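The file structure-v3.cif contains mmCIF, C-alpha atoms and all ligand atoms:
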```
data_data
loop_
_atom_site.label_atom_id
_atom_site.label_comp_id
_atom_site.auth_asym_id
_atom_site.auth_seq_id
_atom_site.Cartn_x
_atom_site.Cartn_y
_atom_site.Cartn_z
CA MET A 1 -22.71 0.89 -10.67
CA LEU A 2 -20.65 -0.84 -13.29
CA ILE A 3 -21.31 -0.04 -16.95
CA VAL A 4 -20.06 -2.56 -19.50
CA THR A 5 -19.70 -1.19 -23.01
CA LYS A 6 -20.37 -3.14 -26.20
CA PRO A 7 -17.35 -4.30 -28.21
CA GLY A 8 -16.68 -1.68 -30.87
CA ILE A 9 -18.52 1.20 -29.17
CA SER A 10 -17.79 4.38 -31.14
CA GLU A 11 -15.55 7.03 -29.60
CA GLU A 12 -18.44 9.49 -29.86
CA SER A 13 -20.84 7.23 -27.91
CA PHE A 14 -18.13 6.49 -25.36
CA GLN A 15 -17.49 10.19 -24.71
CA ALA A 16 -21.25 10.88 -24.55
CA LEU A 17 -21.57 8.08 -22.01
CA LEU A 18 -18.80 9.55 -19.83
CA ASP A 19 -20.48 12.97 -20.02
CA GLU A 20 -23.81 11.49 -18.99
CA ILE A 21 -22.20 9.64 -16.06
CA ARG A 22 -20.74 12.92 -14.83
CA ARG A 23 -23.96 14.83 -15.47
CA GLN A 24 -25.79 12.37 -13.23
CA GLY A 25 -23.34 13.12 -10.40
CA TYR A 26 -21.06 10.05 -10.72
CA SER A 27 -17.36 9.84 -11.40
CA PRO A 28 -16.28 7.44 -14.15
CA HIS A 29 -13.31 5.11 -13.58
CA ILE A 30 -12.34 3.33 -16.77
CA SER A 31 -10.88 -0.15 -16.96
CA LYS A 32 -10.04 -1.28 -20.50
CA GLY A 33 -10.22 -5.00 -21.26
CA GLU A 34 -9.45 -6.80 -24.53
CA ASN A 35 -12.94 -6.51 -26.02
CA ARG A 36 -14.96 -4.53 -23.56
CA THR A 37 -14.40 -1.49 -21.44
CA LEU A 38 -15.74 -1.37 -17.90
CA ILE A 39 -16.72 1.95 -16.43
CA GLY A 40 -17.10 2.08 -12.68
CA ALA A 41 -19.58 4.92 -12.14
CA VAL A 42 -18.87 5.76 -8.54
CA GLY A 43 -21.27 7.71 -6.39
CA ALA A 44 -24.56 7.25 -4.54
CA PRO A 45 -26.40 3.89 -4.87
CA PRO A 46 -28.23 4.11 -8.23
CA THR A 47 -32.01 3.86 -8.51
CA PRO A 48 -33.44 1.14 -10.82
CA GLU A 49 -34.66 3.97 -13.10
CA LEU A 50 -31.15 5.40 -13.41
CA MET A 51 -29.71 1.98 -14.22
CA GLU A 52 -32.43 1.53 -16.86
CA HIS A 53 -31.56 4.98 -18.24
CA PHE A 54 -27.92 3.97 -18.74
CA ARG A 55 -28.87 0.59 -20.23
CA ALA A 56 -30.75 2.42 -22.99
CA LEU A 57 -27.76 4.54 -24.07
CA PRO A 58 -25.92 3.70 -27.33
CA GLY A 59 -22.98 1.34 -26.92
CA VAL A 60 -24.00 0.09 -23.46
CA GLU A 61 -24.16 -3.67 -23.04
CA GLN A 62 -24.87 -4.09 -19.34
CA VAL A 63 -25.36 -2.08 -16.17
CA ILE A 64 -24.59 -3.89 -12.95
CA ARG A 65 -25.02 -2.84 -9.36
CA ILE A 66 -21.76 -3.10 -7.41
CA THR A 67 -22.66 -5.02 -4.31
CA LYS A 68 -19.57 -4.29 -2.23
CA PRO A 69 -19.42 -1.12 -0.12
CA PHE A 70 -15.96 -0.49 -1.59
CA LYS A 71 -16.05 0.00 -5.33
CA LEU A 72 -12.73 1.04 -6.84
CA ALA A 73 -10.87 -1.43 -4.64
CA SER A 74 -13.09 -4.30 -5.81
CA TRP A 75 -12.46 -6.87 -8.50
CA GLU A 76 -15.85 -5.98 -9.97
CA VAL A 77 -14.65 -2.56 -11.11
CA HIS A 78 -11.03 -3.59 -11.73
CA PRO A 79 -10.79 -7.20 -12.92
CA GLU A 80 -7.00 -7.10 -13.45
CA PRO A 81 -4.57 -7.24 -10.53
CA THR A 82 -2.94 -3.88 -9.85
CA VAL A 83 0.82 -3.90 -10.31
CA LEU A 84 2.94 -1.02 -9.00
CA ASP A 85 6.11 -0.27 -10.92
CA PHE A 86 9.27 1.15 -9.42
CA PRO A 87 12.69 1.60 -11.01
CA THR A 88 13.94 -1.29 -8.85
CA GLY A 89 11.05 -3.74 -9.05
CA ARG A 90 7.32 -4.35 -9.20
CA THR A 91 4.68 -5.52 -6.77
CA GLY A 92 1.45 -7.37 -7.58
CA ASN A 93 0.40 -10.26 -9.80
CA GLY A 94 3.24 -12.59 -8.79
CA GLN A 95 5.88 -9.88 -8.50
CA PHE A 96 7.32 -9.41 -5.07
CA MET A 97 9.11 -6.52 -3.37
CA VAL A 98 10.93 -5.92 -0.12
CA ALA A 99 11.03 -2.51 1.57
CA ALA A 100 13.56 -2.45 4.38
CA GLY A 101 15.32 0.01 6.65
CA PRO A 102 15.20 1.41 10.13
CA CYS A 103 12.07 2.32 12.05
CA GLY A 104 13.19 5.94 12.14
CA VAL A 105 15.84 8.01 10.40
CA GLU A 106 18.25 8.91 13.20
CA SER A 107 21.40 10.22 11.54
CA ARG A 108 23.11 10.50 8.17
CA GLU A 109 25.44 7.65 8.96
CA GLN A 110 22.66 5.38 10.23
CA ILE A 111 20.37 5.79 7.21
CA LEU A 112 23.18 5.62 4.62
CA THR A 113 24.63 2.50 6.22
CA ALA A 114 21.22 0.83 6.30
CA ALA A 115 20.42 1.90 2.73
CA ARG A 116 23.69 0.44 1.42
CA TYR A 117 23.30 -2.92 3.08
CA VAL A 118 19.57 -3.39 2.39
CA LYS A 119 20.35 -2.77 -1.27
CA ARG A 120 23.32 -5.13 -1.19
CA HIS A 121 21.15 -7.89 0.28
CA GLY A 122 18.48 -7.42 -2.40
CA ALA A 123 15.77 -5.06 -1.12
CA GLN A 124 14.00 -2.92 -3.72
CA MET A 125 12.91 -0.05 -1.47
CA LEU A 126 14.24 1.82 1.55
CA ARG A 127 12.03 2.57 4.54
CA GLY A 128 12.61 5.00 7.40
CA GLY A 129 10.36 7.30 9.39
CA ALA A 130 11.07 11.03 9.50
CA PHE A 131 7.80 11.86 11.28
CA LYS A 132 7.22 9.21 13.93
CA PRO A 133 3.75 8.69 15.43
CA ARG A 134 4.75 7.78 19.01
CA THR A 135 2.51 6.61 21.83
CA SER A 136 4.34 8.95 24.20
CA PRO A 137 4.82 12.65 23.43
CA TYR A 138 8.19 12.38 25.22
CA ALA A 139 9.53 9.67 22.90
CA PHE A 140 11.71 10.37 19.81
CA GLN A 141 9.43 12.06 17.29
CA GLY A 142 11.69 11.76 14.26
CA LEU A 143 14.00 14.24 12.52
CA GLY A 144 11.22 15.76 10.43
CA ARG A 145 12.41 17.63 7.33
CA GLU A 146 16.04 16.74 8.02
CA GLY A 147 15.03 13.07 8.01
CA LEU A 148 13.37 13.54 4.62
CA GLU A 149 16.54 15.16 3.26
CA LEU A 150 18.63 12.24 4.50
CA LEU A 151 16.25 9.75 2.91
CA ALA A 152 16.52 11.62 -0.39
CA GLU A 153 20.32 11.48 -0.11
CA ALA A 154 20.16 7.73 0.51
CA ARG A 155 17.92 7.32 -2.53
CA ASP A 156 20.25 9.39 -4.69
CA GLU A 157 23.19 7.25 -3.69
CA THR A 158 21.59 3.80 -3.87
CA GLY A 159 18.81 4.25 -6.42
CA LEU A 160 16.34 2.72 -3.97
CA PRO A 161 12.95 4.46 -3.89
CA VAL A 162 12.01 5.54 -0.38
CA VAL A 163 8.85 5.06 1.63
CA THR A 164 8.22 7.22 4.67
CA GLU A 165 5.27 7.98 6.86
CA VAL A 166 3.12 11.08 6.64
CA THR A 167 1.25 11.77 9.84
CA SER A 168 -1.05 14.68 9.01
CA PRO A 169 -2.75 16.24 6.00
CA ASP A 170 -0.71 19.44 6.19
CA LEU A 171 2.53 17.43 5.88
CA VAL A 172 1.51 15.62 2.70
CA GLU A 173 2.95 18.25 0.38
CA LEU A 174 6.31 18.32 2.18
CA VAL A 175 6.66 14.53 2.48
CA ALA A 176 5.60 14.05 -1.16
CA GLU A 177 8.43 16.38 -2.24
CA TYR A 178 10.96 13.88 -0.95
CA ALA A 179 9.30 10.44 -0.75
CA ASP A 180 8.59 8.03 -3.58
CA VAL A 181 5.85 6.35 -1.57
CA LEU A 182 3.73 7.85 1.23
CA GLN A 183 3.15 5.58 4.18
CA ILE A 184 -0.02 5.98 6.22
CA GLY A 185 0.42 4.31 9.56
CA ALA A 186 -1.84 2.07 11.61
CA ARG A 187 -2.72 4.93 13.94
CA ASN A 188 -3.88 7.07 11.05
CA ALA A 189 -5.52 4.42 8.92
CA GLN A 190 -8.93 6.02 9.39
CA ASN A 191 -7.77 9.63 9.33
CA PHE A 192 -9.99 10.41 6.38
CA ALA A 193 -8.61 13.91 5.80
CA LEU A 194 -5.13 12.38 5.58
CA LEU A 195 -6.29 9.58 3.28
CA LYS A 196 -7.84 12.14 0.94
CA ALA A 197 -4.79 14.38 0.99
CA ALA A 198 -2.51 11.40 0.26
CA GLY A 199 -4.91 10.37 -2.51
CA GLY A 200 -4.50 13.80 -4.09
CA SER A 201 -0.70 13.78 -3.84
CA GLY A 202 -0.11 11.68 -6.95
CA LYS A 203 2.34 9.45 -5.00
CA PRO A 204 1.75 5.74 -4.38
CA VAL A 205 0.37 5.09 -0.90
CA LEU A 206 1.39 2.29 1.43
CA LEU A 207 -1.56 1.97 3.77
CA LYS A 208 -1.19 0.08 7.03
CA ARG A 209 -4.17 -1.68 8.58
CA GLY A 210 -5.33 -0.04 11.78
CA MET A 211 -4.71 -2.22 14.81
CA SER A 212 -8.44 -2.58 15.48
CA MET A 213 -9.74 -2.38 11.95
CA THR A 214 -11.88 -4.98 10.20
CA LEU A 215 -10.87 -5.86 6.67
CA ASP A 216 -13.98 -4.13 5.32
CA GLU A 217 -12.97 -0.94 7.13
CA PHE A 218 -9.45 -1.35 5.75
CA LEU A 219 -10.76 -1.60 2.21
CA MET A 220 -12.97 1.44 2.76
CA ALA A 221 -9.89 3.37 3.93
CA ALA A 222 -8.15 2.39 0.67
CA GLU A 223 -11.28 3.51 -1.17
CA TYR A 224 -10.72 7.04 0.17
CA VAL A 225 -7.32 7.15 -1.53
CA LEU A 226 -8.57 5.54 -4.74
CA SER A 227 -11.59 7.83 -4.97
CA GLU A 228 -9.25 10.83 -5.12
CA GLY A 229 -8.08 9.44 -8.45
CA ASN A 230 -4.96 7.74 -7.08
CA PRO A 231 -4.90 4.08 -8.17
CA ARG A 232 -1.53 3.20 -6.60
CA VAL A 233 -2.27 1.76 -3.17
CA VAL A 234 -0.59 -1.09 -1.31
CA LEU A 235 -2.41 -2.64 1.65
CA VAL A 236 -0.24 -3.71 4.58
CA GLU A 237 -1.26 -6.16 7.28
CA ARG A 238 0.87 -5.20 10.31
CA GLY A 239 -0.80 -7.07 13.15
CA ILE A 240 -3.99 -6.45 15.07
CA ARG A 241 -4.84 -6.20 18.74
CA THR A 242 -5.88 -9.42 20.37
CA PHE A 243 -5.74 -10.78 23.92
CA GLU A 244 -2.35 -12.40 23.20
CA LYS A 245 0.60 -10.63 24.76
CA ALA A 246 3.49 -12.85 23.58
CA THR A 247 3.85 -10.73 20.46
CA ARG A 248 3.33 -6.97 20.21
CA PHE A 249 0.33 -7.46 17.90
CA THR A 250 -1.11 -10.59 16.29
CA LEU A 251 -0.20 -10.92 12.63
CA ASP A 252 -3.48 -11.72 10.88
CA VAL A 253 -2.10 -14.01 8.20
CA SER A 254 -5.62 -14.73 7.03
CA ALA A 255 -5.92 -11.07 6.02
CA VAL A 256 -3.73 -11.85 3.00
CA PRO A 257 -5.95 -14.40 1.23
CA VAL A 258 -9.13 -12.62 2.37
CA LEU A 259 -7.98 -9.26 1.03
CA LYS A 260 -6.75 -10.82 -2.17
CA SER A 261 -10.16 -12.41 -2.72
CA GLN A 262 -11.76 -8.96 -2.31
CA THR A 263 -9.35 -6.60 -4.03
CA HIS A 264 -6.99 -6.25 -6.96
CA LEU A 265 -4.58 -4.15 -4.88
CA PRO A 266 -1.19 -5.57 -3.81
CA VAL A 267 -1.15 -6.87 -0.23
CA TRP A 268 1.99 -6.74 1.91
CA ILE A 269 2.97 -7.95 5.34
CA ASP A 270 4.82 -5.98 8.02
CA PRO A 271 6.22 -8.70 10.28
CA SER A 272 8.23 -6.24 12.40
CA HIS A 273 5.42 -4.30 14.06
CA ALA A 274 3.34 -7.46 14.45
CA ALA A 275 6.16 -9.37 16.15
CA GLY A 276 7.63 -6.63 18.30
CA ALA A 277 10.61 -8.93 18.86
CA ARG A 278 13.45 -9.76 16.47
CA ALA A 279 13.18 -13.52 16.93
CA TYR A 280 9.70 -13.69 15.43
CA VAL A 281 10.18 -11.37 12.46
CA ALA A 282 11.48 -13.90 9.92
CA PRO A 283 8.91 -16.64 10.68
CA LEU A 284 6.06 -14.13 10.37
CA ALA A 285 7.48 -12.71 7.15
CA LEU A 286 7.74 -16.18 5.63
CA ALA A 287 4.22 -17.07 6.79
CA GLY A 288 2.85 -13.93 5.16
CA VAL A 289 4.65 -14.67 1.93
CA ALA A 290 3.40 -18.26 1.92
CA ALA A 291 -0.13 -16.90 2.41
CA GLY A 292 0.25 -14.92 -0.82
CA ALA A 293 1.66 -11.51 0.09
CA ASP A 294 3.05 -9.37 -2.74
CA GLY A 295 5.73 -7.81 -0.59
CA ILE A 296 7.00 -7.13 2.90
CA ILE A 297 8.12 -4.05 4.77
CA VAL A 298 10.64 -4.92 7.42
CA GLU A 299 12.68 -2.97 9.97
CA THR A 300 16.45 -3.33 10.11
CA HIS A 301 18.99 -1.10 11.86
CA PRO A 302 22.80 -1.05 11.72
CA ASN A 303 22.83 -1.12 15.52
CA PRO A 304 19.38 -2.20 16.71
CA GLY A 305 20.22 -2.11 20.41
CA GLU A 306 20.74 1.64 20.14
CA ALA A 307 17.70 2.41 18.00
CA LYS A 308 15.64 5.39 19.16
CA SER A 309 12.38 3.57 18.42
CA ASP A 310 11.32 -0.08 18.13
CA ALA A 311 14.75 -1.34 19.22
CA ALA A 312 13.47 -4.82 20.15
CA GLN A 313 12.09 -5.66 16.73
CA GLN A 314 14.68 -4.29 14.32
CA LEU A 315 16.89 -6.87 12.64
CA PRO A 316 20.65 -6.47 12.59
CA GLU A 317 22.22 -6.65 9.14
CA GLN A 318 23.10 -10.34 9.35
CA ALA A 319 19.56 -11.44 10.30
CA PHE A 320 18.15 -9.28 7.52
CA ALA A 321 20.54 -10.86 5.01
CA GLU A 322 19.45 -14.33 6.14
CA LEU A 323 15.79 -13.41 5.78
CA MET A 324 16.46 -12.24 2.21
CA GLN A 325 18.15 -15.57 1.43
CA ARG A 326 15.20 -17.52 2.79
CA LEU A 327 12.76 -15.37 0.81
CA LEU A 328 14.72 -15.99 -2.36
CA ARG A 329 14.39 -19.74 -1.76
CA LEU A 330 10.68 -19.57 -0.89
CA LEU A 331 9.42 -17.29 -3.65
CA PRO A 332 9.95 -19.67 -6.61
CA ALA A 333 7.91 -22.35 -4.80
CA LEU A 334 5.04 -19.87 -4.82
CA ASP A 335 5.52 -18.89 -8.49
CA LYS A 336 6.62 -15.44 -7.41
CA THR A 337 9.55 -13.45 -8.65
CA MET A 338 11.57 -10.69 -7.04
CA ALA A 339 13.74 -8.28 -8.99
CA VAL A 340 17.29 -8.15 -7.73
CA PRO A 341 18.62 -4.58 -7.98
CA VAL A 342 21.85 -4.19 -9.89
C1 LIG A 401 6.21 2.14 11.09
O1 LIG A 401 6.16 1.46 10.05
O2 LIG A 401 7.23 2.74 11.43
C2 LIG A 401 5.03 2.21 11.95
C3 LIG A 401 4.91 3.15 12.88
O3 LIG A 401 4.15 1.22 11.71
P1 LIG A 401 2.60 1.09 12.16
O4 LIG A 401 1.90 2.31 11.69
O5 LIG A 401 2.16 -0.16 11.47
O6 LIG A 401 2.59 0.94 13.67
MN MN A 402 8.66 1.04 13.85
#
```

Take the structure in this file and express it as structure tokens.
Amino acid sequence: MLIVTKPGISEESFQALLDEIRRQGYSPHISKGENRTLIGAVGAPPTPELMEHFRALPGVEQVIRITKPFKLASWEVHPEPTVLDFPTGRTGNGQFMVAAGPCGVESREQILTAARYVKRHGAQMLRGGAFKPRTSPYAFQGLGREGLELLAEARDETGLPVVTEVTSPDLVELVAEYADVLQIGARNAQNFALLKAAGGSGKPVLLKRGMSMTLDEFLMAAEYVLSEGNPRVVLVERGIRTFEKATRFTLDVSAVPVLKSQTHLPVWIDPSHAAGARAYVAPLALAGVAAGADGIIVETHPNPGEAKSDAAQQLPEQAFAELMQRLLRLLPALDKTMAVPV
């Protein structure tokens, strides 16, 4: 339920209200507005008697049932758009970011080369998988800890924050030691133990949509992270499974406006995994941005033909640079801004 406080509620009544929310088995999530404070009291569906009980407490103006199955992700509980801040840029509420880099970290030279040129062409974040969730157990699984160390080295040199995937709950602690942002991949988007562990890590979470997930299920997955007390979540549409085979997945462009109508969280597009082929990456990225995305995560590799994973979809440097130029022309038409790292 959502509890709206009266303007000028005393500190004493406010604290008593929080105590009572907890005593009744709910967890309070506070959202301060100019005049009023909203408290999302998250827990089991409240009885009419309980709502009446809260209405009668000092300083309470209104008690409203939250109708959506997801609470903390909803606009009802959080009426301001969430903006995530990084040293290189911001995402949300008209501020746009690009995370770019190879599918997987393969060597020191590969990741440092990619990090240098993605920064030079204007990206605000470096991506690269150290733990790769592969369809085949015989395929390249990533460099693991060594990959994390190389990402940290690339961050130290370029100043770009790094996002990398965490594939199981017991790896959260290790990955969080090195990464600035934890990525949860499409194949793990409903791994609830992982979502909770990432929620407890204190790091921002970049959550991919599962390839067969409805948007409601996607928002409920985000709710797992948020309900651990971690408000920094980015939702990423990365293509869903359809009957169409011309692309690897089908980018659900409509997910962007639908999600944005439902949630205050930033919404990004991953055109690379949706396309599965270099030629389609830029058009899908631009379509996602035109639909209202707050950022993109895109794969680029210094030598894509030799990539150990997702070779067909990674952009060479030149194509990545061109995409950045086109984004820089498109964003102002959409009243969006992108920080250019110095
Ligand atoms: C990735 O970003 O490297 C990745 C594996 O993506 P997804 O989980 O969307 O398939
Ligand atoms: Mn990939």

Find the residues near range 143-153 of chain A: any atom within 7 Å, counting all atoms listed in the file, skip ones fewer than 6 places away on the same chain, and give them as a ChimeraX atom specification. /A:105-106,108,130-131,162,178

Given the point (9.3, -6.1, 15.5) in the coordinates of this file, which residues lie within 7 Å, counting only C-alpha atoms, and how would they look as number ranges by chain? A: 271-278, 281, 310, 312-314

I'd like the contact shell of Thr88 in chain A - 8 Å cut-off, all atoms listed in the file, skipping same-chain residues fewer than 3 positions apart - returned as a list of chain:residue names.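 The neighbour list is A:Gln124, A:Met125, A:Gly159, A:Leu160, A:Pro161, A:Ala339, A:Val340, A:Pro341.
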
Which distance in Å separates CA of Leu323 in chain A and CA of Gln110 in chain A, to one decimal?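 Atom-to-atom, CA of Leu323 in chain A and CA of Gln110 in chain A are spaced 20.5 Å apart.
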
Could the residues of chain A that have an atom at most 7 Å from ligand LIG 401 (chain A) be listed as a Markdown table, each with its closest atom pair and the distance in Å to one decimal, counting all atoms listed in the file and ordered by chain and ascending residue number?
```
| residue | atom | partner | partner_atom | distance |
| --- | --- | --- | --- | --- |
| A:Cys103 | CA | A:LIG401 | O2 | 4.9 |
| A:Gly104 | CA | A:LIG401 | O2 | 6.8 |
| A:Gly129 | CA | A:LIG401 | O2 | 5.9 |
| A:Lys132 | CA | A:LIG401 | C3 | 6.6 |
| A:Pro133 | CA | A:LIG401 | C3 | 6.2 |
| A:Ile184 | CA | A:LIG401 | O4 | 6.9 |
| A:Gly185 | CA | A:LIG401 | O4 | 3.3 |
| A:Ala186 | CA | A:LIG401 | O4 | 3.7 |
| A:Arg187 | CA | A:LIG401 | O4 | 5.8 |
| A:Lys208 | CA | A:LIG401 | O5 | 5.6 |
| A:Arg238 | CA | A:LIG401 | O5 | 5.3 |
| A:His273 | CA | A:LIG401 | O5 | 5.9 |
```

Can you spit out the residues from that selection as a PDB file, in the coordinates of the input, using C-alpha atoms?
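Listing of part.pdb after writing:
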```pdb
ATOM      1  CA  CYS A 103      12.070   2.320  12.050  1.00  0.00           C
ATOM      2  CA  GLY A 104      13.190   5.940  12.140  1.00  0.00           C
ATOM      3  CA  GLY A 129      10.360   7.300   9.390  1.00  0.00           C
ATOM      4  CA  LYS A 132       7.220   9.210  13.930  1.00  0.00           C
ATOM      5  CA  PRO A 133       3.750   8.690  15.430  1.00  0.00           C
ATOM      6  CA  ILE A 184      -0.020   5.980   6.220  1.00  0.00           C
ATOM      7  CA  GLY A 185       0.420   4.310   9.560  1.00  0.00           C
ATOM      8  CA  ALA A 186      -1.840   2.070  11.610  1.00  0.00           C
ATOM      9  CA  ARG A 187      -2.720   4.930  13.940  1.00  0.00           C
ATOM     10  CA  LYS A 208      -1.190   0.080   7.030  1.00  0.00           C
ATOM     11  CA  ARG A 238       0.870  -5.200  10.310  1.00  0.00           C
ATOM     12  CA  HIS A 273       5.420  -4.300  14.060  1.00  0.00           C
TER      13      HIS A 273
END
```
